[in-house]
$ cat structure-v7.cif   # mmCIF, C-alpha atoms
data_data
#
loop_
_atom_site.label_atom_id
_atom_site.label_comp_id
_atom_site.auth_asym_id
_atom_site.auth_seq_id
_atom_site.Cartn_x
_atom_site.Cartn_y
_atom_site.Cartn_z
CA SER R 1 0.28 7.13 -7.20
CA GLY R 2 1.14 8.92 -3.96
CA LYS R 3 -2.46 8.42 -2.82
CA GLY R 4 -1.85 5.77 -0.15
CA GLY R 5 -2.15 6.34 3.57
CA GLY R 6 1.52 5.70 4.32
CA PHE R 7 0.84 3.80 7.57
CA LEU R 8 3.79 1.75 8.83
CA ALA R 9 3.58 -1.07 11.38
CA ARG R 10 6.57 -2.92 12.79
CA ASP R 11 4.91 -5.89 14.52
CA TRP R 12 1.86 -6.65 12.36
CA GLY R 13 3.40 -9.32 10.16
CA SER R 14 2.79 -13.05 10.29
CA GLY R 15 4.70 -15.97 8.81
CA PRO R 16 6.88 -14.89 5.87
CA THR R 17 5.84 -11.22 6.15
CA ILE R 18 7.29 -10.74 9.65
CA ALA R 19 10.72 -10.00 8.19
CA LEU R 20 9.23 -7.56 5.67
CA HIS R 21 7.51 -5.62 8.46
CA GLU R 22 10.44 -5.52 10.84
CA GLU R 23 13.22 -4.72 8.37
CA SER R 24 11.20 -2.20 6.38
CA PHE R 25 10.07 -0.39 9.53
CA GLN R 26 13.71 0.17 10.47
CA LEU R 27 14.70 1.11 6.91
CA HIS R 28 11.96 3.77 6.78
CA ALA R 29 13.45 5.43 9.86
CA GLU R 30 16.90 5.38 8.26
CA LEU R 31 15.61 6.71 4.92
CA ALA R 32 13.76 9.53 6.69
CA THR R 33 17.05 10.73 8.14
CA GLU R 34 19.16 10.14 5.05
CA LEU R 35 16.73 11.68 2.54
CA LYS R 36 15.29 14.32 4.90
CA ILE R 37 11.73 13.01 4.60
CA ASN R 38 9.77 15.59 6.57
CA SER R 39 6.50 13.65 6.77
CA TYR R 40 7.92 10.66 8.64
CA ARG R 41 7.14 10.24 12.32
CA LYS R 42 6.25 7.59 14.90
CA ILE R 43 2.57 7.49 15.80
CA PRO R 44 0.54 5.48 18.37
CA VAL R 45 -2.46 3.52 17.12
CA LEU R 46 -5.96 3.36 18.64
CA SER R 47 -8.70 0.82 18.03
CA VAL R 48 -12.07 2.59 17.90
CA GLU R 49 -15.57 1.10 18.08
CA PRO R 50 -18.24 3.35 16.54
CA GLY R 51 -21.45 3.57 18.53
CA THR R 52 -23.13 5.43 21.37
CA ARG R 53 -21.19 6.87 24.26
CA SER R 54 -21.76 5.43 27.72
CA SER R 55 -20.13 5.32 31.12
CA ARG R 56 -17.90 2.58 29.73
CA THR R 57 -16.49 4.70 26.90
CA LYS R 58 -12.75 5.22 27.25
CA ASP R 59 -11.10 8.30 25.76
CA TYR R 60 -7.44 8.52 24.78
CA CYS R 61 -7.65 11.13 22.03
CA THR R 62 -9.08 14.59 22.64
CA TRP R 63 -10.33 15.12 19.07
CA LEU R 64 -12.18 11.79 19.09
CA ASN R 65 -14.96 13.37 21.13
CA GLY R 66 -18.14 12.40 19.28
CA ASP R 67 -20.17 9.19 19.12
CA ILE R 68 -17.95 6.20 19.85
CA ALA R 69 -18.67 3.15 21.96
CA THR R 70 -15.08 2.98 23.17
CA SER R 71 -11.43 3.19 22.19
CA SER R 72 -8.30 1.35 23.28
CA ILE R 73 -4.57 1.35 22.67
CA MET R 74 -3.85 -0.95 19.72
CA ASP R 75 -0.12 -0.33 19.21
CA GLU R 76 1.72 2.12 21.44
CA ASP R 77 5.20 2.19 19.93
CA GLY R 78 5.17 0.06 16.77
CA GLY R 79 3.41 2.49 14.43
CA ALA R 80 4.75 5.22 12.15
CA GLN R 81 3.72 7.11 9.04
CA VAL R 82 5.09 8.78 5.94
CA ASP R 83 3.56 10.69 3.03
CA PRO R 84 3.90 8.24 0.10
CA PHE R 85 4.28 11.02 -2.47
CA GLU R 86 7.18 12.60 -0.58
CA LEU R 87 8.81 9.21 -0.01
CA CYS R 88 8.63 8.12 -3.65
CA THR R 89 9.71 11.52 -4.97
CA LYS R 90 12.76 11.69 -2.71
CA LEU R 91 13.74 8.10 -3.46
CA MET R 92 13.62 8.83 -7.20
CA ASP R 93 15.46 12.14 -6.78
CA ALA R 94 18.21 10.33 -4.88
CA ALA R 95 18.46 7.67 -7.60
CA VAL R 96 18.67 10.29 -10.35
CA SER R 97 21.39 12.13 -8.42
CA MET R 98 23.41 8.89 -8.55
CA GLY R 99 23.13 8.61 -12.34
CA VAL R 100 19.78 6.88 -12.91
CA GLU R 101 17.81 8.02 -15.96
CA LEU R 102 14.02 8.27 -15.46
CA VAL R 103 11.95 7.49 -18.56
CA ILE R 104 8.18 7.94 -18.33
CA GLY R 105 6.10 6.00 -20.82
CA SER R 106 3.86 3.01 -21.51
CA VAL R 107 5.62 -0.36 -21.44
CA GLN R 108 4.36 -2.57 -24.25
CA GLY R 109 6.51 -5.65 -23.88
CA VAL R 110 9.90 -7.21 -23.20
CA GLU R 111 12.45 -8.18 -25.86
CA SER R 112 14.58 -11.31 -25.52
CA GLU R 113 16.86 -13.61 -27.49
CA SER R 114 17.83 -17.25 -27.21
CA CYS R 115 20.72 -17.87 -24.83
CA GLY R 116 21.39 -21.59 -24.60
CA GLU R 117 18.61 -23.48 -22.83
CA ILE R 118 16.77 -20.31 -21.80
CA SER R 119 16.24 -16.88 -23.28
CA GLN R 120 17.87 -13.64 -22.11
CA VAL R 121 16.15 -10.27 -21.71
CA THR R 122 17.62 -7.74 -24.15
CA GLY R 123 15.27 -4.76 -23.95
CA VAL R 124 11.97 -3.19 -22.95
CA ASN R 125 9.49 -1.75 -25.44
CA VAL R 126 8.48 1.70 -24.20
CA ASP R 127 6.01 3.51 -26.45
CA GLY R 128 7.35 1.61 -29.46
CA SER R 129 11.03 2.27 -28.75
CA ILE R 130 13.36 -0.40 -27.39
CA VAL R 131 15.32 0.48 -24.25
CA PRO R 132 18.29 -1.95 -24.18
CA THR R 133 18.78 -3.83 -20.91
CA ASP R 134 19.92 -7.16 -19.55
CA ALA R 135 17.55 -7.04 -16.53
CA VAL R 136 13.97 -5.86 -16.09
CA VAL R 137 11.90 -5.74 -12.89
CA VAL R 138 8.13 -5.49 -13.25
CA THR R 139 6.91 -3.33 -10.36
CA MET R 140 3.56 -2.17 -11.75
CA GLY R 141 1.19 -3.03 -8.92
CA PRO R 142 -2.07 -4.52 -10.22
CA TRP R 143 -0.99 -3.76 -13.78
CA ALA R 144 1.82 -6.29 -13.34
CA SER R 145 -0.75 -8.80 -14.65
CA LEU R 146 0.06 -7.40 -18.10
CA ALA R 147 3.37 -9.24 -17.85
CA GLU R 148 1.59 -12.61 -18.12
CA ASP R 149 1.97 -12.33 -21.90
CA TRP R 150 5.60 -11.24 -21.63
CA PHE R 151 6.78 -13.88 -19.15
CA LYS R 152 4.29 -16.70 -19.90
CA ILE R 153 3.40 -17.32 -16.25
CA PRO R 154 0.14 -16.63 -14.37
CA ILE R 155 0.16 -13.33 -12.48
CA PRO R 156 -3.27 -13.30 -10.77
CA ILE R 157 -3.22 -9.87 -9.16
CA THR R 158 -6.65 -8.33 -8.59
CA GLY R 159 -6.91 -4.55 -8.38
CA ILE R 160 -8.92 -3.34 -5.37
CA LYS R 161 -10.14 0.14 -6.35
CA SER R 162 -10.62 2.08 -3.14
CA THR R 163 -11.56 5.68 -2.42
CA SER R 164 -9.78 7.91 0.08
CA LEU R 165 -9.95 11.58 1.06
CA VAL R 166 -7.84 14.22 2.71
CA TYR R 167 -9.04 16.99 5.02
CA SER R 168 -7.22 20.30 5.05
CA PRO R 169 -5.26 21.05 8.24
CA PRO R 170 -7.49 22.36 11.06
CA SER R 171 -6.54 25.62 12.74
CA ASP R 172 -5.64 23.72 15.90
CA PRO R 173 -3.38 20.72 15.14
CA VAL R 174 -4.67 17.39 16.43
CA GLU R 175 -2.80 14.91 18.59
CA PRO R 176 -0.96 12.28 16.54
CA PHE R 177 -3.07 9.13 16.84
CA ALA R 178 -3.79 6.73 13.98
CA LEU R 179 -7.34 5.38 14.29
CA PHE R 180 -8.46 1.92 13.18
CA CYS R 181 -12.23 1.93 13.44
CA GLY R 182 -14.59 -1.02 13.56
CA GLU R 183 -17.43 -1.57 11.09
CA ASP R 184 -19.98 1.23 11.12
CA ASP R 185 -23.20 -0.37 9.89
CA ASN R 186 -24.86 3.02 9.47
CA PHE R 187 -22.47 4.05 6.72
CA GLY R 188 -20.80 0.81 5.55
CA THR R 189 -17.37 2.07 6.59
CA HIS R 190 -14.44 0.76 8.64
CA LEU R 191 -12.40 3.94 8.68
CA GLU R 192 -8.65 4.24 9.00
CA VAL R 193 -7.73 7.80 10.01
CA TYR R 194 -4.20 9.17 9.77
CA PRO R 195 -3.46 12.74 10.91
CA ARG R 196 -0.29 13.73 9.09
CA LYS R 197 2.65 15.73 10.35
CA ASN R 198 1.69 18.70 8.11
CA GLY R 199 -1.77 18.83 9.72
CA GLU R 200 -3.76 17.05 6.99
CA ILE R 201 -6.16 14.26 7.98
CA TYR R 202 -6.18 11.23 5.65
CA LEU R 203 -9.15 8.83 5.58
CA CYS R 204 -9.46 5.43 3.93
CA GLY R 205 -11.41 2.25 4.70
CA VAL R 206 -14.51 3.97 3.31
CA GLY R 207 -16.11 0.74 2.00
CA GLY R 208 -17.54 -0.02 -1.41
CA SER R 209 -14.23 -1.08 -2.95
CA GLU R 210 -14.47 -2.42 -6.50
CA HIS R 211 -12.61 -5.60 -7.44
CA ILE R 212 -10.98 -5.34 -10.88
CA THR R 213 -9.92 -8.70 -12.27
CA PRO R 214 -6.59 -9.23 -14.05
CA THR R 215 -8.55 -9.92 -17.24
CA ARG R 216 -10.15 -6.47 -17.10
CA LEU R 217 -6.83 -4.78 -16.38
CA GLN R 218 -5.18 -6.64 -19.27
CA ALA R 219 -8.03 -5.51 -21.54
CA GLY R 220 -7.19 -1.88 -20.78
CA GLU R 221 -9.89 -1.05 -18.26
CA TYR R 222 -8.85 1.41 -15.56
CA PRO R 223 -5.52 2.75 -16.77
CA PRO R 224 -3.77 4.51 -13.87
CA ASP R 225 -4.99 8.00 -14.80
CA GLN R 226 -8.61 6.84 -14.75
CA VAL R 227 -8.70 5.51 -11.18
CA VAL R 228 -10.94 8.11 -9.52
CA ALA R 229 -12.95 8.46 -6.31
CA ASP R 230 -16.46 7.11 -5.76
CA GLU R 231 -18.30 10.19 -4.51
CA SER R 232 -20.95 8.11 -2.73
CA ARG R 233 -18.19 6.63 -0.55
CA VAL R 234 -16.75 10.09 0.07
CA HIS R 235 -20.12 11.15 1.51
CA ALA R 236 -20.33 7.97 3.61
CA ALA R 237 -16.82 8.50 4.97
CA THR R 238 -17.33 12.14 5.90
CA ALA R 239 -20.62 11.29 7.64
CA ALA R 240 -19.05 8.47 9.63
CA PHE R 241 -15.95 10.49 10.52
CA THR R 242 -17.74 13.66 11.59
CA LYS R 243 -20.11 11.65 13.77
CA MET R 244 -17.05 10.49 15.73
CA CYS R 245 -15.18 13.81 15.39
CA PRO R 246 -17.87 16.54 15.12
CA GLN R 247 -15.37 19.42 14.99
CA PHE R 248 -14.57 18.38 11.41
CA ARG R 249 -18.12 19.02 10.12
CA THR R 250 -17.07 22.44 8.85
CA GLN R 251 -13.55 21.41 7.80
CA GLU R 252 -12.74 21.39 4.08
CA VAL R 253 -12.16 18.10 2.26
CA GLN R 254 -9.28 19.27 0.07
CA GLN R 255 -8.82 16.11 -1.98
CA THR R 256 -10.81 13.05 -3.01
CA GLN R 257 -9.01 10.26 -4.82
CA ALA R 258 -8.73 6.53 -5.39
CA CYS R 259 -5.95 4.02 -5.77
CA MET R 260 -5.73 0.42 -6.91
CA ARG R 261 -4.34 -1.98 -4.32
CA PRO R 262 -2.63 -5.03 -5.92
CA CYS R 263 -3.87 -8.22 -4.28
CA PRO R 264 -2.75 -11.77 -5.14
CA PRO R 265 -5.08 -14.59 -4.01
CA ASP R 266 -2.93 -15.52 -1.00
CA ALA R 267 -2.21 -11.91 0.12
CA LEU R 268 1.55 -12.39 -0.37
CA PRO R 269 3.60 -10.37 -2.85
CA LEU R 270 5.22 -11.81 -5.96
CA MET R 271 8.97 -11.25 -5.61
CA GLY R 272 11.68 -13.09 -7.42
CA LYS R 273 13.08 -14.06 -10.79
CA VAL R 274 11.32 -15.59 -13.77
CA ASP R 275 13.15 -18.90 -14.01
CA HIS R 276 12.84 -19.50 -17.75
CA LEU R 277 13.80 -15.94 -18.81
CA LYS R 278 17.20 -14.75 -17.67
CA GLY R 279 17.15 -11.16 -16.48
CA ALA R 280 13.37 -11.05 -15.82
CA TYR R 281 12.09 -10.27 -12.32
CA ILE R 282 8.81 -9.37 -10.62
CA SER R 283 8.16 -7.36 -7.45
CA ALA R 284 4.44 -6.64 -7.22
CA GLY R 285 1.24 -7.54 -5.39
CA HIS R 286 2.11 -6.02 -2.00
CA ASN R 287 -1.57 -5.72 -1.01
CA CYS R 288 -2.19 -2.87 1.49
CA TRP R 289 1.44 -2.81 2.65
CA GLY R 290 3.15 -1.49 -0.48
CA ILE R 291 4.61 1.62 1.15
CA LEU R 292 5.72 -0.20 4.29
CA TRP R 293 7.33 -3.15 2.50
CA ALA R 294 8.92 -1.06 -0.27
CA PRO R 295 12.40 -0.54 1.25
CA SER R 296 12.92 -4.18 2.19
CA SER R 297 11.50 -5.36 -1.14
CA GLY R 298 13.71 -3.02 -3.14
CA LYS R 299 16.79 -4.03 -1.19
CA ALA R 300 16.05 -7.75 -1.65
CA MET R 301 15.44 -7.39 -5.38
CA ALA R 302 18.67 -5.40 -5.82
CA GLU R 303 20.59 -8.13 -3.98
CA LEU R 304 18.91 -10.81 -6.10
CA ILE R 305 19.86 -9.06 -9.35
CA MET R 306 23.42 -8.22 -8.31
CA THR R 307 24.44 -11.32 -6.34
CA ASN R 308 21.63 -13.88 -6.79
CA LYS R 309 21.70 -14.20 -2.97
CA PRO R 310 19.21 -11.87 -1.26
CA LYS R 311 19.43 -11.81 2.52
CA LEU R 312 15.63 -11.89 2.72
CA ASP R 313 14.11 -15.34 2.14
CA LEU R 314 11.96 -14.89 -0.98
CA SER R 315 10.82 -18.51 -1.33
CA ALA R 316 7.28 -17.83 -0.05
CA PHE R 317 6.91 -15.04 -2.61
CA SER R 318 7.92 -17.00 -5.72
CA PRO R 319 6.31 -15.61 -8.90
CA HIS R 320 5.87 -19.22 -10.07
CA ARG R 321 3.65 -20.35 -7.18
CA PHE R 322 0.42 -19.71 -9.08
CA ALA R 323 1.04 -22.38 -11.69
CA LYS R 324 -1.41 -24.23 -9.47
CA GLN R 325 -3.86 -21.80 -7.88
CA PRO R 326 -4.06 -21.92 -4.07
CA PRO R 327 -7.39 -21.42 -2.28
CA ARG R 328 -8.53 -17.80 -2.11
CA SER R 329 -8.02 -16.21 1.29
CA LYS R 330 -8.86 -12.93 2.99
CA ARG R 331 -6.51 -10.23 1.78
CA GLY R 332 -7.20 -7.21 3.97
CA ARG R 333 -4.94 -5.59 6.54
CA HIS R 334 -3.94 -7.79 9.47
CA GLN R 335 -2.23 -7.20 12.81
CA GLY R 336 -0.40 -10.50 12.98
CA GLU R 337 -3.09 -13.12 12.31
CA ALA R 338 -5.99 -10.86 13.36
CA ALA R 339 -8.01 -9.13 10.63
CA VAL R 340 -8.01 -5.33 11.00
CA GLY R 341 -10.44 -3.11 9.07
CA GLU R 342 -11.61 -3.82 5.54
CA GLN R 343 -11.15 -7.34 4.14
CA TRP R 344 -11.27 -8.06 0.40
#
$ encode --input "structure-v7.cif" --output "structure tokens"
Amino acid sequence: SGKGGGFLARDWGSGPTIALHEESFQLHAELATELKINSYRKIPVLSVEPGTRSSRTKDYCTWLNGDIATSSIMDEDGGAQVDPFELCTKLMDAAVSMGVELVIGSVQGVESESCGEISQVTGVNVDGSIVPTDAVVVTMGPWASLAEDWFKIPIPITGIKSTSLVYSPPSDPVEPFALFCGEDDNFGTHLEVYPRKNGEIYLCGVGGSEHITPTRLQAGEYPPDQVVADESRVHAATAAFTKMCPQFRTQEVQQTQACMRPCPPDALPLMGKVDHLKGAYISAGHNCWGILWAPSSGKAMAELIMTNKPKLDLSAFSPHRFAKQPPRSKRGRHQGEAAVGEQW
């Protein structure tokens, strides 16, 4: 959607996601150079506790000059950022320049035919027309749950509908610090604040996220063009933010929006092949790390399709692991094993 925050963290993985964090962080730096992605940059990260200033309040960021209890360095050199819309656009432009054909439409199913003991993918139904293919990768975020009927396996990805907003660039550019704020009980927020290289200020973690079950998504609720902002959470976010950063009280909010984070029950993505249908693959459910993990995920899936031997170990991400449902766990953003910000 291009509506994500685009925050990148090198060292925040745990268990099987460590490799995704580390490799993707490096790949983003390489892509920024290769594709001339202007919005990419390294950025230090602060942990901020909302509250009342006191003699114990520590200041690291000049524009964080309102009511905070304290702030501290959370990650000095392992953070970066990119504008998701620019990243995705330039990736697609590069693919098209190499001969890829982009077709925009509504996918209604996958065609296959018997091929010995298993079936083989032969095409994709797009708006009633069959696009011939011998391999299909479902990368539809929370809407990947639609592929349950196509692949006959459980794909329990919940959509977390979350509001975000973007402030117009202030006349005086702010220092580049990403802010991860603690729970603000006055407003029900746990803000994440990302000042972008072009001067915009992006806010998420505004609270009040709606959980959309796979059943509702499969029934047609919330198609992508109907995922819109909750204005009550916009008001809560602006109140919480301007209390910490009062100079933004008169700054224009240029965009309010919402996106649908794809969250499997165990917070791990589904990446791999569908064993009983040759040529069928899934890469979805990347939780709040979709932009960060994208390069490593795309590289691994390409290697899987072309050689059947991806360098990244995909065993923990098997699309078949939900044949028996694991216990539900917290699925919010984590720095290693520690929960950071909103949990869902």
$ axis_aligned_box --input "structure-v7.cif" --around "region 257-268 of chain R" --padding-each-side "5 Å" --output "JSON"
{"center_x": -3.7, "center_y": -2.6, "center_z": -3.4, "size_x": 20.6, "size_y": 35.8, "size_z": 17.0}
$ closest_residue --input "structure-v7.cif" --among "R:Arg261, R:Arg41, R:Lys161, R:Lys273" --to "Arg233 (chain R)" --atoms "all atoms listed in the file"
R:Lys161
$ residues_near_point --input "structure-v7.cif" --point "(1.4, 15.1, 3.2)" --cutoff "12 Å" --atoms "only C-alpha atoms" --output "mmCIF file with C-alpha atoms, in the frame of the given file"
data_model
loop_
_atom_site.group_PDB
_atom_site.id
_atom_site.type_symbol
_atom_site.label_atom_id
_atom_site.label_comp_id
_atom_site.auth_asym_id
_atom_site.auth_seq_id
_atom_site.Cartn_x
_atom_site.Cartn_y
_atom_site.Cartn_z
ATOM 1 C CA GLY R 2 1.140 8.920 -3.960
ATOM 2 C CA LYS R 3 -2.460 8.420 -2.820
ATOM 3 C CA GLY R 4 -1.850 5.770 -0.150
ATOM 4 C CA GLY R 5 -2.150 6.340 3.570
ATOM 5 C CA GLY R 6 1.520 5.700 4.320
ATOM 6 C CA ILE R 37 11.730 13.010 4.600
ATOM 7 C CA ASN R 38 9.770 15.590 6.570
ATOM 8 C CA SER R 39 6.500 13.650 6.770
ATOM 9 C CA TYR R 40 7.920 10.660 8.640
ATOM 10 C CA ARG R 41 7.140 10.240 12.320
ATOM 11 C CA GLN R 81 3.720 7.110 9.040
ATOM 12 C CA VAL R 82 5.090 8.780 5.940
ATOM 13 C CA ASP R 83 3.560 10.690 3.030
ATOM 14 C CA PRO R 84 3.900 8.240 0.100
ATOM 15 C CA PHE R 85 4.280 11.020 -2.470
ATOM 16 C CA GLU R 86 7.180 12.600 -0.580
ATOM 17 C CA LEU R 87 8.810 9.210 -0.010
ATOM 18 C CA VAL R 166 -7.840 14.220 2.710
ATOM 19 C CA TYR R 167 -9.040 16.990 5.020
ATOM 20 C CA SER R 168 -7.220 20.300 5.050
ATOM 21 C CA PRO R 169 -5.260 21.050 8.240
ATOM 22 C CA TYR R 194 -4.200 9.170 9.770
ATOM 23 C CA PRO R 195 -3.460 12.740 10.910
ATOM 24 C CA ARG R 196 -0.290 13.730 9.090
ATOM 25 C CA LYS R 197 2.650 15.730 10.350
ATOM 26 C CA ASN R 198 1.690 18.700 8.110
ATOM 27 C CA GLY R 199 -1.770 18.830 9.720
ATOM 28 C CA GLU R 200 -3.760 17.050 6.990
ATOM 29 C CA ILE R 201 -6.160 14.260 7.980
ATOM 30 C CA TYR R 202 -6.180 11.230 5.650
ATOM 31 C CA GLN R 254 -9.280 19.270 0.070
ATOM 32 C CA GLN R 255 -8.820 16.110 -1.980
#
$ closest_atom_pairs --input "structure-v7.cif" --of "region 228-321 of chain R" --to "region 16-22 of chain R" --cutoff "7 Å" --atoms "only C-alpha atoms" --output "Markdown table"
| residue | atom | partner | partner_atom | distance |
| --- | --- | --- | --- | --- |
| R:Trp293 | CA | R:Leu20 | CA | 5.8 |
| R:Ser296 | CA | R:Leu20 | CA | 6.1 |
| R:Ala316 | CA | R:Pro16 | CA | 6.6 |
$ resolve_selection --input "structure-v7.cif" --expression "the PyMOL selection byres ((chain R and resi 112) around 7)" --output "VMD selection string"
chain R and resid 110 to 111 113 to 114 119 to 123
$ closest_residue --input "structure-v7.cif" --among "R:Asp134, R:Leu292, R:Gly332, R:Gly99" --to "Arg10 (chain R)" --atoms "only C-alpha atoms"
R:Leu292
$ resolve_selection --input "structure-v7.cif" --expression "the PyMOL selection byres ((chain R and resi 149) around 12)" --output "VMD selection string"
chain R and resid 108 to 111 144 to 148 150 to 155 215 218
$ residues_around --input "structure-v7.cif" --residues "Val138 (chain R)" --least-positions-apart "3" --cutoff "7 Å" --atoms "only C-alpha atoms" --output "PDB file with C-alpha atoms, in the frame of the given file"
ATOM      1  CA  ALA R 144       1.820  -6.290 -13.340  1.00  0.00           C
ATOM      2  CA  TYR R 281      12.090 -10.270 -12.320  1.00  0.00           C
ATOM      3  CA  ILE R 282       8.810  -9.370 -10.620  1.00  0.00           C
ATOM      4  CA  SER R 283       8.160  -7.360  -7.450  1.00  0.00           C
TER       5      SER R 283
END
$ residues_around --input "structure-v7.cif" --residues "Ser72 (chain R)" --least-positions-apart "3" --cutoff "12 Å" --atoms "only C-alpha atoms" --output "PyMOL selection string"
chain R and resi 44-49+56-61+64+68-69+75-76+177-182
$ write_last_selection --input "structure-v7.cif" --atoms "C-alpha atoms" --output "PDB file, in the frame of the given file"
ATOM      1  CA  PRO R  44       0.540   5.480  18.370  1.00  0.00           C
ATOM      2  CA  VAL R  45      -2.460   3.520  17.120  1.00  0.00           C
ATOM      3  CA  LEU R  46      -5.960   3.360  18.640  1.00  0.00           C
ATOM      4  CA  SER R  47      -8.700   0.820  18.030  1.00  0.00           C
ATOM      5  CA  VAL R  48     -12.070   2.590  17.900  1.00  0.00           C
ATOM      6  CA  GLU R  49     -15.570   1.100  18.080  1.00  0.00           C
ATOM      7  CA  ARG R  56     -17.900   2.580  29.730  1.00  0.00           C
ATOM      8  CA  THR R  57     -16.490   4.700  26.900  1.00  0.00           C
ATOM      9  CA  LYS R  58     -12.750   5.220  27.250  1.00  0.00           C
ATOM     10  CA  ASP R  59     -11.100   8.300  25.760  1.00  0.00           C
ATOM     11  CA  TYR R  60      -7.440   8.520  24.780  1.00  0.00           C
ATOM     12  CA  CYS R  61      -7.650  11.130  22.030  1.00  0.00           C
ATOM     13  CA  LEU R  64     -12.180  11.790  19.090  1.00  0.00           C
ATOM     14  CA  ILE R  68     -17.950   6.200  19.850  1.00  0.00           C
ATOM     15  CA  ALA R  69     -18.670   3.150  21.960  1.00  0.00           C
ATOM     16  CA  ASP R  75      -0.120  -0.330  19.210  1.00  0.00           C
ATOM     17  CA  GLU R  76       1.720   2.120  21.440  1.00  0.00           C
ATOM     18  CA  PHE R 177      -3.070   9.130  16.840  1.00  0.00           C
ATOM     19  CA  ALA R 178      -3.790   6.730  13.980  1.00  0.00           C
ATOM     20  CA  LEU R 179      -7.340   5.380  14.290  1.00  0.00           C
ATOM     21  CA  PHE R 180      -8.460   1.920  13.180  1.00  0.00           C
ATOM     22  CA  CYS R 181     -12.230   1.930  13.440  1.00  0.00           C
ATOM     23  CA  GLY R 182     -14.590  -1.020  13.560  1.00  0.00           C
TER      24      GLY R 182
END
$ atom_distance --input "structure-v7.cif" --atom1 "CA of Glu183 (chain R)" --atom2 "CA of Ala267 (chain R)"
21.4 Å
$ atom_distance --input "structure-v7.cif" --atom1 "CA of Ser318 (chain R)" --atom2 "CA of Thr213 (chain R)"
20.7 Å
$ atom_distance --input "structure-v7.cif" --atom1 "CA of Gly78 (chain R)" --atom2 "CA of Leu31 (chain R)"
17.1 Å
$ resolve_selection --input "structure-v7.cif" --expression "the PyMOL selection byres ((chain R and resi 247) around 12)" --output "list in words"
Thr62, Trp63, Leu64, Asn65, Gly66, Pro170, Ser171, Asp172, Val174, Thr238, Phe241, Thr242, Lys243, Met244, Cys245, Pro246, Phe248, Arg249, Thr250, Gln251 and Glu252 of chain R
$ closest_residue --input "structure-v7.cif" --among "R:Pro223, R:Gly285, R:Pro156, R:Gly207" --to "His235 (chain R)" --atoms "all atoms listed in the file"
R:Gly207
$ closest_residue --input "structure-v7.cif" --among "R:Met74, R:Ile291, R:Leu312, R:Leu35" --to "Ala338 (chain R)" --atoms "all atoms listed in the file"
R:Met74
$ residues_around --input "structure-v7.cif" --residues "Pro264 (chain R)" --least-positions-apart "3" --cutoff "9 Å" --atoms "only C-alpha atoms" --output "list of chain:residue names"
R:Pro142, R:Ile155, R:Pro156, R:Ile157, R:Thr158, R:Gly159, R:Ala267, R:Leu268, R:Pro269, R:Leu270, R:Gly285, R:His286, R:Asn287, R:Arg328, R:Arg331
$ write_last_selection --input "structure-v7.cif" --atoms "C-alpha atoms" --output "compact mmCIF listing (two decimals), keeping the file's coordinate frame"
# COMPACT_ATOMS: atom_id res chain seq x y z
CA PRO R 142 -2.07 -4.52 -10.22
CA ILE R 155 0.16 -13.33 -12.48
CA PRO R 156 -3.27 -13.30 -10.77
CA ILE R 157 -3.22 -9.87 -9.16
CA THR R 158 -6.65 -8.33 -8.59
CA GLY R 159 -6.91 -4.55 -8.38
CA ALA R 267 -2.21 -11.91 0.12
CA LEU R 268 1.55 -12.39 -0.37
CA PRO R 269 3.60 -10.37 -2.85
CA LEU R 270 5.22 -11.81 -5.96
CA GLY R 285 1.24 -7.54 -5.39
CA HIS R 286 2.11 -6.02 -2.00
CA ASN R 287 -1.57 -5.72 -1.01
CA ARG R 328 -8.53 -17.80 -2.11
CA ARG R 331 -6.51 -10.23 1.78
$ closest_residue --input "structure-v7.cif" --among "R:Met260, R:Ala9, R:Val193, R:Ile305" --to "Ser209 (chain R)" --atoms "all atoms listed in the file"
R:Met260
$ residues_around --input "structure-v7.cif" --residues "Ala280 (chain R)" --least-positions-apart "4" --cutoff "6 Å" --atoms "all atoms listed in the file" --output "ChimeraX atom specification"
/R:135-136,273-274
$ write_last_selection --input "structure-v7.cif" --atoms "C-alpha atoms" --output "compact mmCIF listing (two decimals), keeping the file's coordinate frame"
# COMPACT_ATOMS: atom_id res chain seq x y z
CA ALA R 135 17.55 -7.04 -16.53
CA VAL R 136 13.97 -5.86 -16.09
CA LYS R 273 13.08 -14.06 -10.79
CA VAL R 274 11.32 -15.59 -13.77
$ residues_around --input "structure-v7.cif" --residues "Lys36 (chain R)" --least-positions-apart "6" --cutoff "12 Å" --atoms "all atoms listed in the file" --output "list in words"
His28, Ala29, Glu30, Val82, Glu86, Leu87, Thr89, Lys90, Leu91, Asp93 and Ala94 of chain R
